[in-house]
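Taking it in order: structure first as structure tokens, then the write-up.
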Amino acid sequence: MIESEVLRRTWADISLDAIEYNFKKIKTHVGSAMVMAVVKADAYGHGDRMTAPFLEEAGADWFGVSNLGEALGIRESGVTKPILIFGNTPSQCVSELAKWNVTQAAYSYEYAKKLSDEAVRLGVTVDVHLKFDTGMGRLGFVCSEDNFDLAIDEAEKTARLPGLRVTGSFTHFASADEPDEDGVAYTKMQFSRFCRACDALKARGVDVGIRHCCNSAAVLCFPEMHLDMVRPGIILYGLYPAAQEEITCRMKLKPAMELRTVVSLVKDYEKGGCISYGRRFTAPEDMKIASTAIGYADGYHRLLTNRGRMIVRGKYAPVVGSVCMDQTMLDVTGIPNVAEGDVVTVFGRDGDAVVSADEVAALAGTINYEVICALARRVPRCYYLRGENIHNFDYARWKEK
Ligand SMILES: *Cc1c(COP(=O)(O)O)cnc(C)c1O
């Protein structure tokens with residue numbers, strides 16, 4: 001259990017052992033390819049300041065983030081390996097990219113030119129990875145059949161800009177997590193466009209550097225596409241990019257995050273009584289109701305109203321009534337001895353009972369990624385290594401504990 005220095009309200013238990021286990025599995029699975037650990041969005045809610053240095057220690061070769069703030073955050077926490085920013089960094093921040101040795105995605109000539117101009121003005125060089133849009137429809141040189149030659153022209157011009165140095169090239173898959181025939185065909189098409197783009201640039205004398213395209217789903221399902229480096233995110237944290245057997249059978253993973261809260265109050269409730277905002281639940285009989293200290297402001301989605309379930313004393317307790325901002329009520333009628341202060345597992349394991357992030361996601365009509373990323377900053381993260389609580393981080397108090 002967590003130490004008393006962390007507010008015992010709602011907290012996330014994070015197993016570094018699980019993250020290490022998943023990382024080692026991935027490393028073995030990809031063989032000689034390098035691994036870029038994707039730690040964007042605060043390491044998918046797991047806390048990048050703790051997990052990124054830990055993954056570096058475990059052998060991660062690169063780190064992937066969405067923006068400069070995240071890159072500087074993990075540099076501050078001690079990460080020395082290269083970091084790639086997938087998204088936009090304004091050209092005004094070129095000095096920081098150079099100073100902190102952060103690599104930027106170069107995803108259009110126009111954008112890259114701005115970076116280069118600023119770099120030249122400052123007398124620095126910015127490392128970039130060329131980003132190709134092979135079918136995701138997001139950032140990158142658009143490598144559609146009709147636009148292919150133009151994309152290669154633009155990428156070549158980008159590579160020859162004086163303020164930039166190309167150290168890698170990448171693309172991102174739209175449907176690698178769809179194992180049906182159509183999804184597989186689309187991924188293969190994207191891969192083929194990417195390879196053609198790299199080859200075309202090489203033929204023009206451009207060094208494309210490290211080639212990488214595999215997200216978690218492709219790491220698992222398309223070993224022939226691993227190339228020089230892979231970019232797993234969700235599987236590092238022990239969740240699958242999709243629930244289909246074709247995907248989950250590829251690697252056994254251990255979920256790293258468990259979310260807990262406490263019982264604030266238990267009360268007997270009479271038949272016909274209403275619970276929570278909008279009176280969306282009316283007691284069909286006399287009941288025992290527990291109020292818990294978690295709500296949608298903690299990241300427990302309001303769509304779980306009358307749908308979710310949590311675990312109390314090793315037994316499942318259904319959510320009754322609307323999820324509030326800071327509280328959620330549970331039906332604990334069949335569970336003996338529930339009392340104020342009891343630990344409630346929102347997702348994770350308690351005894352033989354398990355609620356997975358996937359179950360929560362399905363009930364809320366979303367994906368497991370969103371469930372873990374939605375965890376709010378007011379939820380302290382409690383880290384475990386070899387079963388011991390080695391560190392706690394409470395964003396609300398904003399200091400290391
Ligand atoms: C988020 C992201 C990844 C990781 O995706 P997962 O599905 O979590 O493995 C890889 N590459 C890019 C460009 C991303 O944005």
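Each chain in the structure tokens gets a letter, A, B and so on, in the order shown; residues start at 1 in every chain, and ligands are counted from 1 in the order they appear.
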Q: Within 10 Å of ligand 1, which residues show up when you count only C-alpha atoms and all ligand atoms? List them as a PyMOL selection string, please.
A: chain A and resi 36-41+43-44+64-66+84-87+105+131+138-139+170-174+176-177+212-220+230-237+239-242+369
Q: Tell me, as a ChimeraX atom specification, which residues lie within 7 Å of Lys254 of chain A, counting only C-alpha atoms; anything in the same chain fewer than 6 positions away does not count.
A: /A:18,22,238
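As for atom CA of Gly295 of chain A and atom CA of Met325 of chain A, they are spaced 4.6 Å apart.
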(Q) Residues of segment 156-261 of chain A classed as helix (DSSP H, G or I) by DSSP on the backbone are to be reported as a PyMOL selection string. (A) chain A and resi 156-159+181-203+216-221+223-225+234-237+245-248
